[in-house]
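For reference, my_file-v4.txt is printed below; it contains compact mmCIF, C-alpha atoms and all ligand atoms.
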# COMPACT_ATOMS: atom_id res chain seq x y z
CA MET A 1 98.46 158.55 176.93
CA GLY A 2 97.49 154.93 176.33
CA GLU A 3 99.92 152.05 176.68
CA LYS A 4 100.76 152.06 172.97
CA GLY A 5 101.38 155.81 173.04
CA ALA A 6 103.72 155.42 175.99
CA ILE A 7 105.70 152.74 174.18
CA ARG A 8 105.88 154.86 171.05
CA HIS A 9 107.03 157.83 173.09
CA LYS A 10 109.69 155.71 174.78
CA LEU A 11 110.92 154.51 171.39
CA THR A 12 111.11 158.04 169.99
CA GLU A 13 113.06 159.12 173.01
CA THR A 14 115.47 156.21 172.59
CA ILE A 15 116.00 157.01 168.92
CA ALA A 16 116.62 160.66 169.77
CA GLU A 17 119.17 159.67 172.42
CA TYR A 18 120.75 157.23 170.02
CA MET A 19 121.09 159.81 167.24
CA LEU A 20 122.67 162.20 169.72
CA LYS A 21 125.14 159.49 170.76
CA VAL A 22 125.95 158.81 167.11
CA LYS A 23 126.47 162.53 166.56
CA GLU A 24 128.82 162.65 169.52
CA GLY A 25 130.71 159.66 168.16
CA GLY A 26 129.54 157.24 170.85
CA GLY A 27 127.07 155.28 168.74
CA SER A 28 127.74 152.40 166.46
CA ILE A 29 126.60 153.71 163.07
CA ASN A 30 129.56 155.23 161.22
CA ALA A 31 131.40 155.45 164.52
CA VAL A 32 135.13 154.94 164.58
CA LEU A 33 136.07 151.31 165.17
CA ARG A 34 138.19 150.48 168.20
CA THR A 35 141.57 149.26 167.02
CA GLY A 36 143.97 147.51 169.38
CA TYR A 37 147.69 147.43 168.76
CA VAL A 38 150.59 145.52 170.23
CA CYS A 39 154.06 147.10 170.01
CA ASP A 40 156.53 146.51 172.81
CA PRO A 41 160.19 147.48 173.31
CA ARG A 42 160.94 143.85 174.27
CA TYR A 43 160.54 142.95 170.58
CA ARG A 44 163.95 144.60 170.15
CA ASN A 45 165.59 141.85 172.21
CA HIS A 46 165.89 139.35 169.36
CA GLU A 47 169.29 140.27 167.91
CA VAL A 48 170.52 139.70 164.36
CA PRO A 49 173.97 139.76 162.76
CA PRO A 50 175.27 143.14 161.51
CA GLY A 51 173.65 144.20 158.23
CA HIS A 52 170.67 141.82 158.62
CA PRO A 53 167.46 143.46 157.31
CA GLU A 54 165.11 142.05 159.99
CA ARG A 55 166.65 144.27 162.66
CA PRO A 56 165.47 145.65 166.04
CA GLU A 57 165.28 149.14 164.52
CA ARG A 58 162.06 148.05 162.80
CA ILE A 59 160.42 148.02 166.23
CA ASP A 60 162.00 151.38 167.12
CA ALA A 61 160.41 152.84 163.99
CA LEU A 62 156.99 151.47 164.94
CA LEU A 63 157.30 152.55 168.59
CA ALA A 64 158.15 156.06 167.30
CA LEU A 65 155.15 155.91 164.96
CA MET A 66 152.83 154.97 167.83
CA GLU A 67 154.22 157.85 169.94
CA ARG A 68 152.96 160.37 167.44
CA TYR A 69 150.12 158.43 165.80
CA SER A 70 146.77 159.70 166.83
CA ARG A 71 143.36 158.49 165.88
CA GLU A 72 140.19 158.06 167.88
CA GLU A 73 139.68 154.73 169.64
CA ILE A 74 143.20 153.38 169.36
CA VAL A 75 143.99 151.04 172.25
CA LYS A 76 147.39 149.76 173.38
CA ILE A 77 147.43 146.06 174.27
CA GLU A 78 150.14 144.38 176.37
CA PRO A 79 151.58 141.25 174.80
CA ARG A 80 152.00 138.04 176.78
CA ALA A 81 154.33 135.12 176.17
CA ALA A 82 152.65 132.26 174.30
CA ALA A 83 152.45 129.04 176.32
CA ILE A 84 154.32 125.97 175.03
CA GLU A 85 150.95 124.23 174.54
CA GLU A 86 149.83 127.08 172.29
CA ILE A 87 153.04 126.90 170.23
CA SER A 88 152.84 123.11 170.04
CA ALA A 89 149.42 123.33 168.42
CA ASN A 90 151.41 124.23 165.29
CA HIS A 91 155.00 123.05 165.97
CA ASP A 92 156.65 119.76 166.89
CA ARG A 93 157.74 119.47 170.51
CA ARG A 94 161.26 118.41 169.48
CA TYR A 95 161.63 121.51 167.35
CA ILE A 96 160.31 123.77 170.15
CA ASP A 97 162.90 122.19 172.49
CA GLN A 98 165.57 122.91 169.90
CA VAL A 99 164.65 126.61 169.78
CA CYS A 100 164.33 126.65 173.60
CA ALA A 101 167.87 125.27 173.89
CA THR A 102 169.23 128.44 172.24
CA ALA A 103 167.98 130.59 175.15
CA GLY A 104 170.87 132.21 177.00
CA LYS A 105 173.42 130.94 174.45
CA PRO A 106 175.49 133.40 172.40
CA LEU A 107 174.52 132.25 168.88
CA PHE A 108 172.88 129.36 167.05
CA VAL A 109 172.58 129.44 163.26
CA PHE A 110 169.41 127.70 161.95
CA ASP A 111 170.04 128.69 158.34
CA PRO A 112 172.00 131.47 156.59
CA ASP A 113 169.09 133.91 157.20
CA THR A 114 167.92 132.77 160.62
CA HIS A 115 170.04 133.22 163.74
CA ALA A 116 169.08 132.73 167.37
CA TYR A 117 170.87 134.83 170.00
CA SER A 118 170.43 134.62 173.75
CA GLU A 119 166.98 136.27 173.91
CA SER A 120 165.55 135.11 170.58
CA TYR A 121 163.53 132.24 172.06
CA GLU A 122 161.80 134.41 174.66
CA THR A 123 161.15 137.12 172.09
CA ALA A 124 159.65 134.56 169.70
CA LEU A 125 157.26 133.42 172.47
CA LEU A 126 156.29 137.06 173.06
CA SER A 127 155.83 137.55 169.32
CA ALA A 128 153.30 134.72 168.99
CA GLY A 129 151.76 135.74 172.32
CA GLY A 130 151.35 139.31 171.08
CA LEU A 131 148.93 138.09 168.43
CA LEU A 132 147.17 135.83 170.95
CA SER A 133 146.66 138.81 173.33
CA LEU A 134 145.19 140.80 170.47
CA ILE A 135 142.88 137.92 169.51
CA GLU A 136 141.70 137.64 173.14
CA HIS A 137 140.85 141.36 173.19
CA ILE A 138 138.94 141.10 169.91
CA MET A 139 137.04 137.97 170.95
CA ALA A 140 136.12 139.59 174.29
CA GLY A 141 134.75 142.60 172.39
CA LYS A 142 137.21 145.00 174.07
CA VAL A 143 138.38 146.15 170.63
CA ASP A 144 136.90 145.59 167.18
CA ASN A 145 140.08 144.78 165.29
CA GLY A 146 143.80 145.28 165.62
CA PHE A 147 147.42 145.03 164.60
CA ALA A 148 150.13 143.01 166.35
CA MET A 149 153.44 144.73 165.47
CA VAL A 150 155.74 141.96 166.55
CA ARG A 151 159.10 140.44 165.70
CA PRO A 152 160.54 137.97 164.92
CA PRO A 153 158.07 137.37 162.05
CA GLY A 154 156.50 133.96 161.48
CA HIS A 155 155.11 132.94 158.09
CA HIS A 156 158.17 131.00 156.85
CA ALA A 157 158.42 128.88 160.02
CA GLU A 158 157.38 125.28 159.40
CA ALA A 159 156.18 122.79 162.02
CA ASP A 160 159.72 121.52 162.57
CA GLN A 161 161.94 124.15 161.01
CA ALA A 162 163.09 127.75 161.46
CA MET A 163 163.74 129.62 158.22
CA GLY A 164 163.56 133.04 156.55
CA PHE A 165 163.97 135.10 159.77
CA CYS A 166 161.10 133.09 161.40
CA PHE A 167 161.05 130.69 164.40
CA PHE A 168 157.40 130.21 165.35
CA ASN A 169 154.59 130.78 162.87
CA ASN A 170 152.64 133.54 164.62
CA VAL A 171 149.67 133.68 162.24
CA ALA A 172 149.30 129.88 162.15
CA ILE A 173 149.47 129.72 165.96
CA GLY A 174 146.79 132.45 166.02
CA ALA A 175 144.54 130.44 163.68
CA ARG A 176 145.03 127.26 165.77
CA TYR A 177 144.11 129.26 168.88
CA LEU A 178 140.91 130.54 167.27
CA ARG A 179 140.04 126.94 166.34
CA SER A 180 140.71 125.37 169.74
CA LYS A 181 139.88 128.08 172.30
CA TYR A 182 136.98 129.78 170.49
CA GLU A 183 135.85 126.80 168.40
CA LEU A 184 135.68 128.77 165.17
CA ASP A 185 135.30 126.66 162.02
CA ARG A 186 136.27 129.12 159.28
CA ILE A 187 139.35 131.30 159.51
CA LEU A 188 140.69 133.36 156.62
CA ILE A 189 144.40 134.17 156.40
CA VAL A 190 145.40 136.68 153.72
CA ASP A 191 149.19 136.97 153.35
CA TRP A 192 150.31 140.05 151.38
CA ASP A 193 153.97 139.83 152.41
CA VAL A 194 156.05 139.84 149.21
CA HIS A 195 157.39 136.38 150.06
CA HIS A 196 155.23 133.29 149.95
CA GLY A 197 154.25 132.04 153.42
CA ASN A 198 155.44 128.46 152.92
CA GLY A 199 155.08 127.64 156.63
CA THR A 200 151.48 128.82 156.84
CA GLN A 201 150.54 127.04 153.60
CA ARG A 202 152.05 123.78 154.88
CA SER A 203 150.25 124.08 158.24
CA PHE A 204 146.79 124.12 156.65
CA TYR A 205 147.39 122.36 153.33
CA ALA A 206 144.91 119.57 154.04
CA ASP A 207 142.59 121.68 156.19
CA ASN A 208 139.35 123.28 154.95
CA SER A 209 138.78 125.24 158.16
CA VAL A 210 141.57 127.67 157.31
CA LEU A 211 141.54 129.39 153.92
CA TYR A 212 145.04 130.59 153.04
CA VAL A 213 145.35 133.24 150.32
CA SER A 214 148.79 134.57 149.39
CA LEU A 215 149.86 137.32 147.01
CA HIS A 216 153.61 137.23 146.45
CA GLN A 217 156.46 137.84 144.04
CA TYR A 218 157.28 134.69 142.07
CA PRO A 219 159.77 133.24 141.50
CA HIS A 220 161.34 134.61 144.67
CA TYR A 221 162.29 133.38 148.14
CA PRO A 222 161.30 130.73 149.34
CA GLY A 223 160.32 129.31 145.91
CA THR A 224 156.91 127.87 146.91
CA GLY A 225 153.46 129.28 146.11
CA ALA A 226 152.80 128.35 142.48
CA VAL A 227 149.29 128.70 141.03
CA ASN A 228 148.84 124.92 141.14
CA ASP A 229 149.57 124.68 144.88
CA ILE A 230 145.89 124.48 145.86
CA GLY A 231 145.88 122.17 148.89
CA VAL A 232 145.27 118.43 149.23
CA ALA A 233 142.45 116.14 150.44
CA ASP A 234 139.84 118.18 152.38
CA GLY A 235 142.03 121.24 151.91
CA MET A 236 141.77 121.28 148.11
CA GLY A 237 140.76 124.77 146.99
CA TYR A 238 141.53 126.23 150.43
CA THR A 239 145.04 127.30 149.46
CA VAL A 240 144.97 130.11 146.91
CA ASN A 241 148.25 131.37 145.49
CA ILE A 242 148.57 134.51 143.41
CA PRO A 243 152.20 134.49 142.21
CA PHE A 244 152.94 137.87 140.66
CA PRO A 245 155.97 138.68 138.53
CA GLY A 246 158.23 141.40 139.92
CA GLY A 247 157.18 144.98 139.10
CA CYS A 248 153.51 144.71 140.11
CA GLY A 249 151.95 147.51 142.12
CA ASP A 250 148.68 148.98 143.39
CA GLY A 251 146.74 148.30 140.15
CA GLU A 252 147.63 144.61 139.97
CA TYR A 253 146.94 144.00 143.65
CA ALA A 254 143.60 145.85 143.40
CA ALA A 255 142.66 143.69 140.39
CA ALA A 256 143.62 140.53 142.32
CA PHE A 257 141.44 141.59 145.24
CA ARG A 258 138.50 142.40 142.98
CA ARG A 259 138.71 139.26 140.83
CA ILE A 260 139.90 136.65 143.34
CA VAL A 261 140.61 137.56 146.97
CA GLU A 262 137.33 139.27 147.79
CA PRO A 263 134.96 136.88 145.95
CA ILE A 264 136.59 133.75 147.40
CA SER A 265 136.76 135.28 150.89
CA ARG A 266 133.08 136.19 150.79
CA GLN A 267 132.05 132.73 149.60
CA PHE A 268 134.11 131.19 152.41
CA ALA A 269 132.35 133.55 154.90
CA PRO A 270 135.10 133.60 157.52
CA GLN A 271 134.34 133.89 161.22
CA PHE A 272 137.68 135.66 161.74
CA VAL A 273 140.06 137.42 159.34
CA LEU A 274 143.83 137.25 159.90
CA ILE A 275 146.32 139.22 157.81
CA SER A 276 149.97 138.24 157.46
CA ALA A 277 150.89 141.86 156.96
CA GLY A 278 154.33 142.27 155.45
CA PHE A 279 155.30 145.55 153.86
CA ASP A 280 158.19 144.32 151.71
CA ALA A 281 156.13 144.65 148.51
CA HIS A 282 156.40 148.44 148.99
CA ARG A 283 158.11 150.20 146.09
CA ARG A 284 160.96 151.38 148.34
CA ASP A 285 161.62 148.02 150.00
CA PRO A 286 165.11 146.61 149.34
CA LEU A 287 164.05 142.92 149.31
CA SER A 288 161.65 142.91 146.36
CA GLN A 289 160.91 144.37 142.95
CA MET A 290 157.27 145.19 143.73
CA ARG A 291 155.82 148.69 143.54
CA LEU A 292 153.03 148.94 146.12
CA THR A 293 152.41 152.26 147.87
CA ARG A 294 150.75 153.14 151.13
CA GLU A 295 147.48 153.55 149.18
CA GLY A 296 147.75 149.93 148.00
CA PHE A 297 148.05 148.62 151.57
CA GLU A 298 145.14 150.84 152.58
CA ALA A 299 142.96 149.49 149.77
CA MET A 300 143.73 145.86 150.69
CA THR A 301 142.91 146.60 154.35
CA ARG A 302 139.65 148.24 153.34
CA SER A 303 138.63 145.26 151.26
CA LEU A 304 139.34 142.76 154.06
CA LEU A 305 137.66 144.96 156.66
CA ALA A 306 134.55 144.95 154.47
CA VAL A 307 134.69 141.13 154.35
CA ALA A 308 135.11 141.03 158.14
CA ARG A 309 132.23 143.44 158.74
CA ASP A 310 129.90 141.44 156.49
CA HIS A 311 130.86 137.97 157.73
CA SER A 312 132.83 137.92 160.98
CA GLN A 313 131.29 140.74 163.04
CA GLY A 314 134.26 142.89 162.03
CA ARG A 315 136.76 140.60 163.74
CA LEU A 316 140.12 141.11 162.03
CA ALA A 317 143.70 140.94 163.29
CA ALA A 318 146.81 141.84 161.31
CA VAL A 319 150.22 140.54 162.35
CA LEU A 320 153.49 142.00 161.13
CA GLU A 321 155.67 139.92 158.83
CA GLY A 322 158.34 141.63 156.65
CA GLY A 323 158.97 145.25 155.64
CA TYR A 324 162.56 146.48 155.67
CA ASP A 325 162.57 150.12 154.57
CA LEU A 326 161.79 151.88 157.84
CA ASP A 327 160.01 154.90 156.35
CA ALA A 328 157.93 152.72 154.04
CA LEU A 329 157.08 150.47 157.00
CA GLU A 330 155.97 153.39 159.17
CA GLU A 331 153.80 155.06 156.55
CA SER A 332 152.18 151.81 155.45
CA VAL A 333 151.38 150.68 159.00
CA ALA A 334 149.87 154.12 159.67
CA GLY A 335 147.72 153.68 156.56
CA VAL A 336 146.52 150.26 157.72
CA LEU A 337 145.66 151.65 161.18
CA ASP A 338 143.73 154.54 159.61
CA GLU A 339 141.69 152.07 157.54
CA LEU A 340 141.05 149.78 160.51
CA GLY A 341 139.24 152.73 162.06
CA GLY A 342 136.52 152.10 159.48
CA LYS A 343 136.27 155.64 158.20
CA ASP A 344 136.68 154.42 154.65
CA LEU A 345 138.39 157.61 153.54
CA GLY A 346 140.87 156.06 151.16
CA VAL A 347 140.97 156.66 147.47
CA GLU A 348 139.59 153.90 145.27
CA LEU A 349 142.47 152.47 143.28
CA PRO A 350 142.27 152.05 139.53
CA HIS A 351 142.03 148.35 138.73
CA GLY A 352 144.24 146.82 136.10
CA GLY A 353 147.93 146.63 135.46
CA GLY A 354 149.87 143.98 133.65
CA ALA A 355 149.22 140.78 135.57
CA GLU A 356 145.96 139.64 133.96
CA THR A 357 147.64 136.43 132.72
CA VAL A 358 148.42 135.40 136.28
CA LEU A 359 144.91 136.27 137.47
CA ASP A 360 143.41 134.34 134.52
CA ALA A 361 145.48 131.29 135.50
CA VAL A 362 144.41 131.50 139.16
CA THR A 363 140.79 131.87 138.07
CA ARG A 364 141.03 128.81 135.79
CA VAL A 365 142.54 126.66 138.54
CA HIS A 366 140.10 127.73 141.27
CA ARG A 367 136.91 127.88 139.22
CA ARG A 368 136.05 124.32 140.23
CA PHE A 369 136.05 125.31 143.91
CA TRP A 370 134.69 128.86 143.86
CA ARG A 371 132.36 131.00 141.72
CA LEU A 372 134.83 133.22 139.88
ZN ZN B 401 158.73 139.00 153.34
As structure tokens - that is how I would like this structure written.
Amino acid sequence: MGEKGAIRHKLTETIAEYMLKVKEGGGSINAVLRTGYVCDPRYRNHEVPPGHPERPERIDALLALMERYSREEIVKIEPRAAAIEEISANHDRRYIDQVCATAGKPLFVFDPDTHAYSESYETALLSAGGLLSLIEHIMAGKVDNGFAMVRPPGHHAEADQAMGFCFFNNVAIGARYLRSKYELDRILIVDWDVHHGNGTQRSFYADNSVLYVSLHQYPHYPGTGAVNDIGVADGMGYTVNIPFPGGCGDGEYAAAFRRIVEPISRQFAPQFVLISAGFDAHRRDPLSQMRLTREGFEAMTRSLLAVARDHSQGRLAAVLEGGYDLDALEESVAGVLDELGGKDLGVELPHGGGAETVLDAVTRVHRRFWRL
């Protein structure tokens, strides 16, 4: 055999080995993606007043889910506490000190929804740090994507203010971390929690390195997130609000993804995809009038995973925001985890529904920034 023949033979052998690996599930083509998750009993330690919806039992439900959830290539990741420097990339030092001062104290009321008990500060550091641990695992290639199931949630927290159950803005701190530590220039945050993420919007309002896209019920708490909130200065066009009337479900969200979220995300070509994953737009959730089902959350995950695979080497991290019906939360998180495996088994949702007027308005406003 001449030299060329030997090389050809070697190549054939490699392809044969590779196909065998793929068949056994060890290859990369159509193989299951490695999904990391963070879910820790310490997230129970942030207490709330009796009857408060954002309660420790949410974590119990997710811990129970992860006990029985099985899928190939699912990896448990230990959370760490975020460092003060990491928090201060998104929050004022004076405000951080204010939250820190609640540690060990019986109760401090920030607003009628947001109460700090003795372990709330430490739990909030572990909440932000849970997402940072997940990001580190993804950036090191130890997992492909993942889900940080943390509490307290974050997207209402502003630079200098706790509100809406939130102390530190986990997803914003995650985006800042990707900017500073990994020097990424384009980060996409999609926020499908039923409430508008006022804190996240404010953090990046003048910033074109972070594209913030929110789908939310409107008008609803906290009152921000109108179609015309599009960002300022360099950030113009990099805040995209899709304010749905109550009653929207899988069809309307699928139409929004097809007409707006996916095209804009692809044109932005993110280097990392973050999801502010709240499940309070589920039809059984007590805090909204929306009608999403597990299939709707699966379809949104699938769409963003496709964006991540085409633009950011598959790098995608979801972080838990709201979601207050425990059964709805469990089934929807399971659906998201299934989709993150990349098997693409979900049913394609019918597009449509009754929110075309809203989508037309968003298209009109953003047509000068994006091809829509
Ligand atoms: Zn919410």
Practice problem: Choose the residue, out of A:Asp92, A:Glu57, A:Asp327, A:Asp280, that has the smallest atom-to-atom separation from ligand ZN 401 (chain B); count only C-alpha atoms and all ligand atoms. | Solution: A:Asp280
Practice problem: Give as JSON, numbers by chain the residues surrounding ligand ZN 401 (chain B) up to a distance of 12 Å, considering all atoms listed in the file. | Solution: {"A": [53, 54, 152, 153, 154, 155, 156, 163, 164, 165, 166, 191, 192, 193, 194, 195, 196, 197, 198, 214, 215, 216, 217, 220, 221, 222, 276, 277, 278, 279, 280, 281, 282, 285, 286, 287, 288, 289, 290, 320, 321, 322, 323, 324, 325]}
Quiz item: Could you name the residues that touch Met66 in chain A at 12 Å or less, counting only C-alpha atoms, but leaving out those on the same chain fewer than 2 positions away, as a ChimeraX atom specification?
Solution: /A:36-41,59-64,68-71,74-76,147,149,330-331,333-334,337
Quiz prompt | Residue nearest Ser332 in chain A - candidates A:Val171, A:Ile260, A:Leu65, A:Pro270, atoms counted: only C-alpha atoms | solution = A:Leu65
Quiz item: Quick one: of A:Glu72, A:Glu298, A:Asp185, A:Glu136, who's nearest to Asp250 in chain A, counting only C-alpha atoms?
Solution: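 Result for the nearest residue to Asp250 in chain A: A:Glu298.
The spacing separating CA of Leu132 in chain A from CA of Met300 in chain A amounts to 22.9 Å.
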Quiz item: Interatomic distance between CA of Pro245 in chain A and CA of Asn228 in chain A?
Solution: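 These two atoms are separated by 15.7 Å.
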Exercise. Please determine the residues with any atom at most 10 Å from (141.0, 144.9, 162.3) (coordinates as given in the file, with all atoms listed in the file counting) and report them as a VMD selection string.
Key: chain A and resid 33 to 37 138 143 to 147 272 to 275 301 to 302 304 to 305 308 to 309 314 to 318 336 to 337 339 to 342
Exercise. Excluding Ala355 in chain A and any residue of its chain fewer than 2 positions from it, enumerate the residues within 10 Å of it, using only C-alpha atoms, and give them as a PyMOL selection string.
Key: chain A and resi 243-245+247-249+251-253+255-256+352-353+357-360
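Using only C-alpha atoms, the nearest neighbour of Gly199 in chain A within the list A:Arg179, A:Arg294, A:His91, A:His366 is A:His91.
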Emit range 129-143 of chain A of the structure in the block as a file comprising N, CA, C and O atoms, as an mmCIF file, in the first residue's frame.
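Output (part_10.cif):
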data_model
loop_
_atom_site.group_PDB
_atom_site.id
_atom_site.type_symbol
_atom_site.label_atom_id
_atom_site.label_comp_id
_atom_site.auth_asym_id
_atom_site.auth_seq_id
_atom_site.Cartn_x
_atom_site.Cartn_y
_atom_site.Cartn_z
ATOM 1 N N GLY A 129 -24.583 33.095 42.560
ATOM 2 C CA GLY A 129 -23.417 32.229 42.374
ATOM 3 C C GLY A 129 -23.772 30.904 41.708
ATOM 4 O O GLY A 129 -22.926 30.302 41.041
ATOM 5 N N GLY A 130 -25.010 30.460 41.878
ATOM 6 C CA GLY A 130 -25.450 29.233 41.219
ATOM 7 C C GLY A 130 -25.381 29.384 39.714
ATOM 8 O O GLY A 130 -24.909 28.495 38.995
ATOM 9 N N LEU A 131 -25.838 30.541 39.220
ATOM 10 C CA LEU A 131 -25.755 30.784 37.776
ATOM 11 C C LEU A 131 -24.289 30.935 37.339
ATOM 12 O O LEU A 131 -23.898 30.435 36.284
ATOM 13 N N LEU A 132 -23.475 31.601 38.169
ATOM 14 C CA LEU A 132 -22.059 31.763 37.800
ATOM 15 C C LEU A 132 -21.351 30.402 37.723
ATOM 16 O O LEU A 132 -20.555 30.172 36.806
ATOM 17 N N SER A 133 -21.653 29.499 38.668
ATOM 18 C CA SER A 133 -21.069 28.138 38.605
ATOM 19 C C SER A 133 -21.451 27.447 37.304
ATOM 20 O O SER A 133 -20.614 26.829 36.648
ATOM 21 N N LEU A 134 -22.730 27.569 36.956
ATOM 22 C CA LEU A 134 -23.200 26.936 35.722
ATOM 23 C C LEU A 134 -22.477 27.532 34.508
ATOM 24 O O LEU A 134 -22.021 26.796 33.619
ATOM 25 N N ILE A 135 -22.356 28.857 34.481
ATOM 26 C CA ILE A 135 -21.661 29.517 33.365
ATOM 27 C C ILE A 135 -20.210 29.018 33.274
ATOM 28 O O ILE A 135 -19.707 28.727 32.179
ATOM 29 N N GLU A 136 -19.546 28.892 34.428
ATOM 30 C CA GLU A 136 -18.155 28.400 34.421
ATOM 31 C C GLU A 136 -18.078 26.990 33.817
ATOM 32 O O GLU A 136 -17.170 26.703 33.032
ATOM 33 N N HIS A 137 -19.024 26.138 34.173
ATOM 34 C CA HIS A 137 -19.025 24.775 33.625
ATOM 35 C C HIS A 137 -19.255 24.776 32.108
ATOM 36 O O HIS A 137 -18.656 23.981 31.387
ATOM 37 N N ILE A 138 -20.149 25.657 31.663
ATOM 38 C CA ILE A 138 -20.429 25.725 30.222
ATOM 39 C C ILE A 138 -19.206 26.274 29.481
ATOM 40 O O ILE A 138 -18.773 25.723 28.468
ATOM 41 N N MET A 139 -18.618 27.346 30.014
ATOM 42 C CA MET A 139 -17.480 27.964 29.331
ATOM 43 C C MET A 139 -16.256 27.040 29.318
ATOM 44 O O MET A 139 -15.431 27.109 28.424
ATOM 45 N N ALA A 140 -16.154 26.164 30.344
ATOM 46 C CA ALA A 140 -15.031 25.217 30.377
ATOM 47 C C ALA A 140 -15.310 23.976 29.530
ATOM 48 O O ALA A 140 -14.466 23.082 29.440
ATOM 49 N N GLY A 141 -16.525 23.924 28.936
ATOM 50 C CA GLY A 141 -16.862 22.781 28.084
ATOM 51 C C GLY A 141 -17.201 21.516 28.866
ATOM 52 O O GLY A 141 -17.271 20.429 28.296
ATOM 53 N N LYS A 142 -17.411 21.649 30.186
ATOM 54 C CA LYS A 142 -17.751 20.455 30.976
ATOM 55 C C LYS A 142 -19.197 20.028 30.738
ATOM 56 O O LYS A 142 -19.541 18.859 30.885
ATOM 57 N N VAL A 143 -20.057 20.997 30.441
ATOM 58 C CA VAL A 143 -21.427 20.693 29.996
ATOM 59 C C VAL A 143 -21.714 21.598 28.796
ATOM 60 O O VAL A 143 -21.008 22.582 28.560
#
